[in-house]
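Here is the file upload23.cif (mmCIF, N, CA, C and O atoms).
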data_protein
loop_
_atom_site.label_atom_id
_atom_site.label_comp_id
_atom_site.auth_asym_id
_atom_site.auth_seq_id
_atom_site.Cartn_x
_atom_site.Cartn_y
_atom_site.Cartn_z
N MET A 1 -56.89 74.44 -33.13
CA MET A 1 -57.95 73.47 -33.36
C MET A 1 -57.29 72.12 -33.60
O MET A 1 -56.39 72.00 -34.41
N SER A 2 -57.77 71.12 -32.90
CA SER A 2 -57.18 69.79 -33.06
C SER A 2 -57.69 69.14 -34.34
O SER A 2 -58.72 69.51 -34.90
N ARG A 3 -56.94 68.16 -34.78
CA ARG A 3 -57.34 67.46 -36.01
C ARG A 3 -58.65 66.70 -35.82
O ARG A 3 -59.48 66.65 -36.72
N ARG A 4 -58.80 66.13 -34.64
CA ARG A 4 -60.03 65.37 -34.39
C ARG A 4 -61.25 66.30 -34.42
O ARG A 4 -62.28 65.97 -34.99
N PHE A 5 -61.13 67.46 -33.79
CA PHE A 5 -62.22 68.43 -33.79
C PHE A 5 -62.54 68.88 -35.22
O PHE A 5 -63.70 68.99 -35.60
N ALA A 6 -61.50 69.11 -36.01
CA ALA A 6 -61.70 69.53 -37.40
C ALA A 6 -62.40 68.42 -38.20
O ALA A 6 -63.28 68.70 -39.01
N ALA A 7 -62.00 67.17 -37.96
CA ALA A 7 -62.63 66.05 -38.68
C ALA A 7 -64.10 65.92 -38.30
O ALA A 7 -64.96 65.70 -39.16
N VAL A 8 -64.42 66.07 -37.02
CA VAL A 8 -65.81 65.99 -36.57
C VAL A 8 -66.61 67.15 -37.14
O VAL A 8 -67.75 66.99 -37.57
N LEU A 9 -66.02 68.33 -37.16
CA LEU A 9 -66.70 69.50 -37.71
C LEU A 9 -67.00 69.32 -39.19
O LEU A 9 -68.12 69.58 -39.65
N LEU A 10 -66.03 68.84 -39.96
CA LEU A 10 -66.25 68.62 -41.39
C LEU A 10 -67.28 67.52 -41.62
O LEU A 10 -68.10 67.61 -42.54
N ALA A 11 -67.25 66.47 -40.81
CA ALA A 11 -68.24 65.40 -40.95
C ALA A 11 -69.63 65.93 -40.64
O ALA A 11 -70.61 65.57 -41.30
N GLY A 12 -69.72 66.81 -39.64
CA GLY A 12 -71.01 67.40 -39.30
C GLY A 12 -71.54 68.30 -40.40
O GLY A 12 -72.75 68.38 -40.63
N LEU A 13 -70.64 68.98 -41.09
CA LEU A 13 -71.08 69.84 -42.19
C LEU A 13 -71.49 69.03 -43.40
O LEU A 13 -72.37 69.44 -44.16
N ALA A 14 -70.86 67.89 -43.61
CA ALA A 14 -71.19 67.05 -44.76
C ALA A 14 -72.45 66.23 -44.52
O ALA A 14 -73.09 65.79 -45.46
N LEU A 15 -72.83 66.02 -43.27
CA LEU A 15 -73.99 65.19 -42.94
C LEU A 15 -75.28 65.69 -43.58
O LEU A 15 -76.00 64.90 -44.19
N PRO A 16 -75.63 66.98 -43.50
CA PRO A 16 -76.88 67.41 -44.13
C PRO A 16 -76.90 67.19 -45.64
O PRO A 16 -77.95 66.93 -46.21
N LEU A 17 -75.76 67.25 -46.28
CA LEU A 17 -75.72 67.03 -47.72
C LEU A 17 -76.00 65.58 -48.06
O LEU A 17 -76.63 65.28 -49.07
N SER A 18 -75.52 64.66 -47.23
CA SER A 18 -75.73 63.25 -47.51
C SER A 18 -77.11 62.77 -47.07
O SER A 18 -77.61 61.78 -47.56
N VAL A 19 -77.77 63.47 -46.16
CA VAL A 19 -79.06 63.04 -45.63
C VAL A 19 -80.22 63.63 -46.41
O VAL A 19 -81.30 63.07 -46.43
N SER A 20 -80.01 64.73 -47.09
CA SER A 20 -81.12 65.43 -47.74
C SER A 20 -81.95 64.58 -48.70
O SER A 20 -83.17 64.68 -48.68
N PRO A 21 -81.37 63.70 -49.54
CA PRO A 21 -82.25 62.86 -50.37
C PRO A 21 -83.08 61.89 -49.54
O PRO A 21 -84.20 61.57 -49.89
N VAL A 22 -82.54 61.47 -48.42
CA VAL A 22 -83.28 60.55 -47.55
C VAL A 22 -84.45 61.27 -46.89
O VAL A 22 -85.50 60.68 -46.67
N LEU A 23 -84.28 62.54 -46.59
CA LEU A 23 -85.35 63.28 -45.93
C LEU A 23 -86.55 63.51 -46.84
O LEU A 23 -87.65 63.70 -46.37
N ALA A 24 -86.36 63.47 -48.15
CA ALA A 24 -87.47 63.68 -49.08
C ALA A 24 -88.45 62.51 -49.01
O ALA A 24 -89.64 62.69 -49.16
N GLN A 25 -87.97 61.32 -48.77
CA GLN A 25 -88.84 60.15 -48.73
C GLN A 25 -89.80 60.18 -47.53
O GLN A 25 -90.99 59.98 -47.71
N PRO A 26 -89.34 60.44 -46.31
CA PRO A 26 -90.29 60.47 -45.19
C PRO A 26 -91.34 61.57 -45.31
O PRO A 26 -92.42 61.44 -44.78
N ALA A 27 -91.03 62.66 -46.02
CA ALA A 27 -92.03 63.71 -46.19
C ALA A 27 -93.23 63.17 -46.96
O ALA A 27 -94.37 63.44 -46.62
N ALA A 28 -92.98 62.39 -48.00
CA ALA A 28 -94.07 61.79 -48.76
C ALA A 28 -94.82 60.79 -47.89
O ALA A 28 -96.04 60.71 -47.94
N THR A 29 -94.08 60.04 -47.11
CA THR A 29 -94.70 59.07 -46.22
C THR A 29 -95.54 59.78 -45.16
O THR A 29 -96.62 59.32 -44.81
N ALA A 30 -95.05 60.92 -44.68
CA ALA A 30 -95.80 61.69 -43.69
C ALA A 30 -97.09 62.21 -44.29
O ALA A 30 -98.13 62.24 -43.63
N GLN A 31 -97.04 62.62 -45.55
CA GLN A 31 -98.26 63.10 -46.21
C GLN A 31 -99.25 61.96 -46.38
O GLN A 31 -100.45 62.15 -46.21
N ASP A 32 -98.76 60.77 -46.72
CA ASP A 32 -99.64 59.61 -46.84
C ASP A 32 -100.27 59.29 -45.48
O ASP A 32 -101.46 58.99 -45.40
N ALA A 33 -99.46 59.33 -44.44
CA ALA A 33 -99.96 59.05 -43.10
C ALA A 33 -100.99 60.09 -42.68
O ALA A 33 -102.01 59.76 -42.07
N ALA A 34 -100.74 61.35 -43.01
CA ALA A 34 -101.69 62.41 -42.67
C ALA A 34 -103.00 62.21 -43.44
O ALA A 34 -104.08 62.40 -42.88
N GLY A 35 -102.92 61.80 -44.68
CA GLY A 35 -104.12 61.52 -45.46
C GLY A 35 -104.91 60.36 -44.90
O GLY A 35 -106.14 60.38 -44.85
N GLN A 36 -104.19 59.33 -44.46
CA GLN A 36 -104.86 58.17 -43.86
C GLN A 36 -105.53 58.55 -42.55
O GLN A 36 -106.64 58.10 -42.27
N LEU A 37 -104.87 59.38 -41.75
CA LEU A 37 -105.45 59.82 -40.49
C LEU A 37 -106.69 60.68 -40.73
O LEU A 37 -107.71 60.53 -40.06
N LYS A 38 -106.62 61.55 -41.73
CA LYS A 38 -107.77 62.39 -42.07
C LYS A 38 -108.95 61.52 -42.51
O LYS A 38 -110.09 61.77 -42.11
N GLN A 39 -108.68 60.49 -43.31
CA GLN A 39 -109.74 59.58 -43.75
C GLN A 39 -110.31 58.81 -42.57
O GLN A 39 -111.53 58.58 -42.50
N LEU A 40 -109.47 58.42 -41.62
CA LEU A 40 -109.93 57.72 -40.42
C LEU A 40 -110.89 58.59 -39.62
O LEU A 40 -111.95 58.12 -39.19
N PHE A 41 -110.56 59.87 -39.44
CA PHE A 41 -111.45 60.78 -38.72
C PHE A 41 -112.77 60.97 -39.47
O PHE A 41 -113.83 61.02 -38.87
N LYS A 42 -112.68 61.07 -40.79
CA LYS A 42 -113.89 61.26 -41.60
C LYS A 42 -114.80 60.03 -41.49
O LYS A 42 -116.01 60.17 -41.30
N ASP A 43 -114.21 58.84 -41.59
CA ASP A 43 -115.00 57.61 -41.47
C ASP A 43 -115.60 57.47 -40.07
O ASP A 43 -116.75 57.05 -39.93
N SER A 44 -114.83 57.83 -39.05
CA SER A 44 -115.32 57.75 -37.68
C SER A 44 -116.50 58.70 -37.47
O SER A 44 -117.49 58.33 -36.84
N ASP A 45 -116.39 59.90 -38.00
CA ASP A 45 -117.49 60.88 -37.87
C ASP A 45 -118.73 60.37 -38.59
O ASP A 45 -119.85 60.47 -38.06
N GLU A 46 -118.55 59.80 -39.77
CA GLU A 46 -119.70 59.29 -40.52
C GLU A 46 -120.37 58.14 -39.77
O GLU A 46 -121.60 58.06 -39.70
N ASN A 47 -119.57 57.26 -39.18
CA ASN A 47 -120.14 56.15 -38.41
C ASN A 47 -120.86 56.64 -37.17
O ASN A 47 -121.89 56.07 -36.78
N GLN A 48 -120.35 57.69 -36.55
CA GLN A 48 -121.03 58.26 -35.38
C GLN A 48 -122.39 58.83 -35.78
O GLN A 48 -123.36 58.68 -35.05
N LEU A 49 -122.46 59.46 -36.93
CA LEU A 49 -123.75 59.99 -37.40
C LEU A 49 -124.74 58.86 -37.66
O LEU A 49 -125.94 59.00 -37.38
N LYS A 50 -124.26 57.74 -38.17
CA LYS A 50 -125.15 56.59 -38.42
C LYS A 50 -125.64 55.98 -37.10
O LYS A 50 -126.79 55.59 -37.00
N ARG A 51 -124.74 55.91 -36.11
CA ARG A 51 -125.11 55.30 -34.83
C ARG A 51 -126.00 56.21 -34.00
O ARG A 51 -126.78 55.74 -33.17
N ASN A 52 -125.88 57.52 -34.17
CA ASN A 52 -126.62 58.47 -33.36
C ASN A 52 -127.30 59.48 -34.28
O ASN A 52 -126.80 60.59 -34.49
N PRO A 53 -128.46 59.11 -34.84
CA PRO A 53 -129.14 60.00 -35.79
C PRO A 53 -129.56 61.34 -35.17
O PRO A 53 -129.62 62.34 -35.88
N LEU A 54 -129.82 61.38 -33.86
CA LEU A 54 -130.19 62.65 -33.23
C LEU A 54 -129.02 63.64 -33.29
O LEU A 54 -129.22 64.83 -33.51
N PHE A 55 -127.82 63.14 -33.08
CA PHE A 55 -126.65 63.99 -33.20
C PHE A 55 -126.53 64.54 -34.62
O PHE A 55 -126.19 65.71 -34.82
N ALA A 56 -126.85 63.68 -35.60
CA ALA A 56 -126.80 64.13 -37.00
C ALA A 56 -127.84 65.22 -37.24
O ALA A 56 -127.55 66.21 -37.92
N ILE A 57 -129.02 65.07 -36.67
CA ILE A 57 -130.07 66.08 -36.84
C ILE A 57 -129.64 67.41 -36.23
O ILE A 57 -129.82 68.47 -36.82
N PHE A 58 -129.02 67.35 -35.04
CA PHE A 58 -128.55 68.58 -34.39
C PHE A 58 -127.49 69.28 -35.24
O PHE A 58 -127.35 70.49 -35.19
N ARG A 59 -126.74 68.50 -36.01
CA ARG A 59 -125.73 69.09 -36.89
C ARG A 59 -126.32 69.54 -38.21
O ARG A 59 -125.63 70.09 -39.06
N GLY A 60 -127.61 69.26 -38.43
CA GLY A 60 -128.27 69.68 -39.66
C GLY A 60 -128.20 68.64 -40.76
O GLY A 60 -128.54 68.92 -41.91
N ASP A 61 -127.79 67.43 -40.44
CA ASP A 61 -127.69 66.35 -41.40
C ASP A 61 -128.93 65.46 -41.27
O ASP A 61 -129.09 64.75 -40.28
N LEU A 62 -129.81 65.50 -42.25
CA LEU A 62 -131.07 64.76 -42.17
C LEU A 62 -131.03 63.43 -42.91
O LEU A 62 -132.06 62.78 -43.08
N ARG A 63 -129.85 62.97 -43.31
CA ARG A 63 -129.75 61.71 -44.05
C ARG A 63 -130.19 60.51 -43.22
O ARG A 63 -130.73 59.54 -43.76
N TYR A 64 -129.96 60.55 -41.91
CA TYR A 64 -130.26 59.39 -41.07
C TYR A 64 -131.49 59.60 -40.20
O TYR A 64 -131.74 58.81 -39.30
N ALA A 65 -132.27 60.63 -40.48
CA ALA A 65 -133.47 60.92 -39.68
C ALA A 65 -134.58 59.94 -40.00
O ALA A 65 -134.71 59.43 -41.06
#

Starting from the file, lay out its structure as structure tokens.
Amino acid sequence: MSRRFAAVLLAGLALPLSVSPVLAQPAATAQDAAGQLKQLFKDSDENQLKRNPLFAIFRGDLRYA
């Protein structure tokens, strides 16, 4: 095994240890983004029910009838 290969191998093994704290931050950001997307879909659905009351009635929602 060459020295260069050994150095690259050791650097590759150390990489997950140095990146792991950084990976925790995007997970929280991904959850925030997922929550924002879920809220966007919910708001869009609510606006569609307001714009099309017949669709709301077919879904059993009588608020806009």

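We find atom O of A:Asp43 and atom CA of A:Leu62 to be spaced 16.4 Å apart.
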
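Straight-line separation from atom N of A:Asn47 to atom C of A:Gly35: 16.0 Å.
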
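The gap separating atom CA of A:Arg63 from atom CA of A:Ser44 is 16.3 Å, in Å to one decimal.
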
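Checking A:Ala27, A:Ala65, A:Arg4, A:Asp32 one by one against A:Pro53, counting only C-alpha atoms, you find the shortest gap at A:Ala65.
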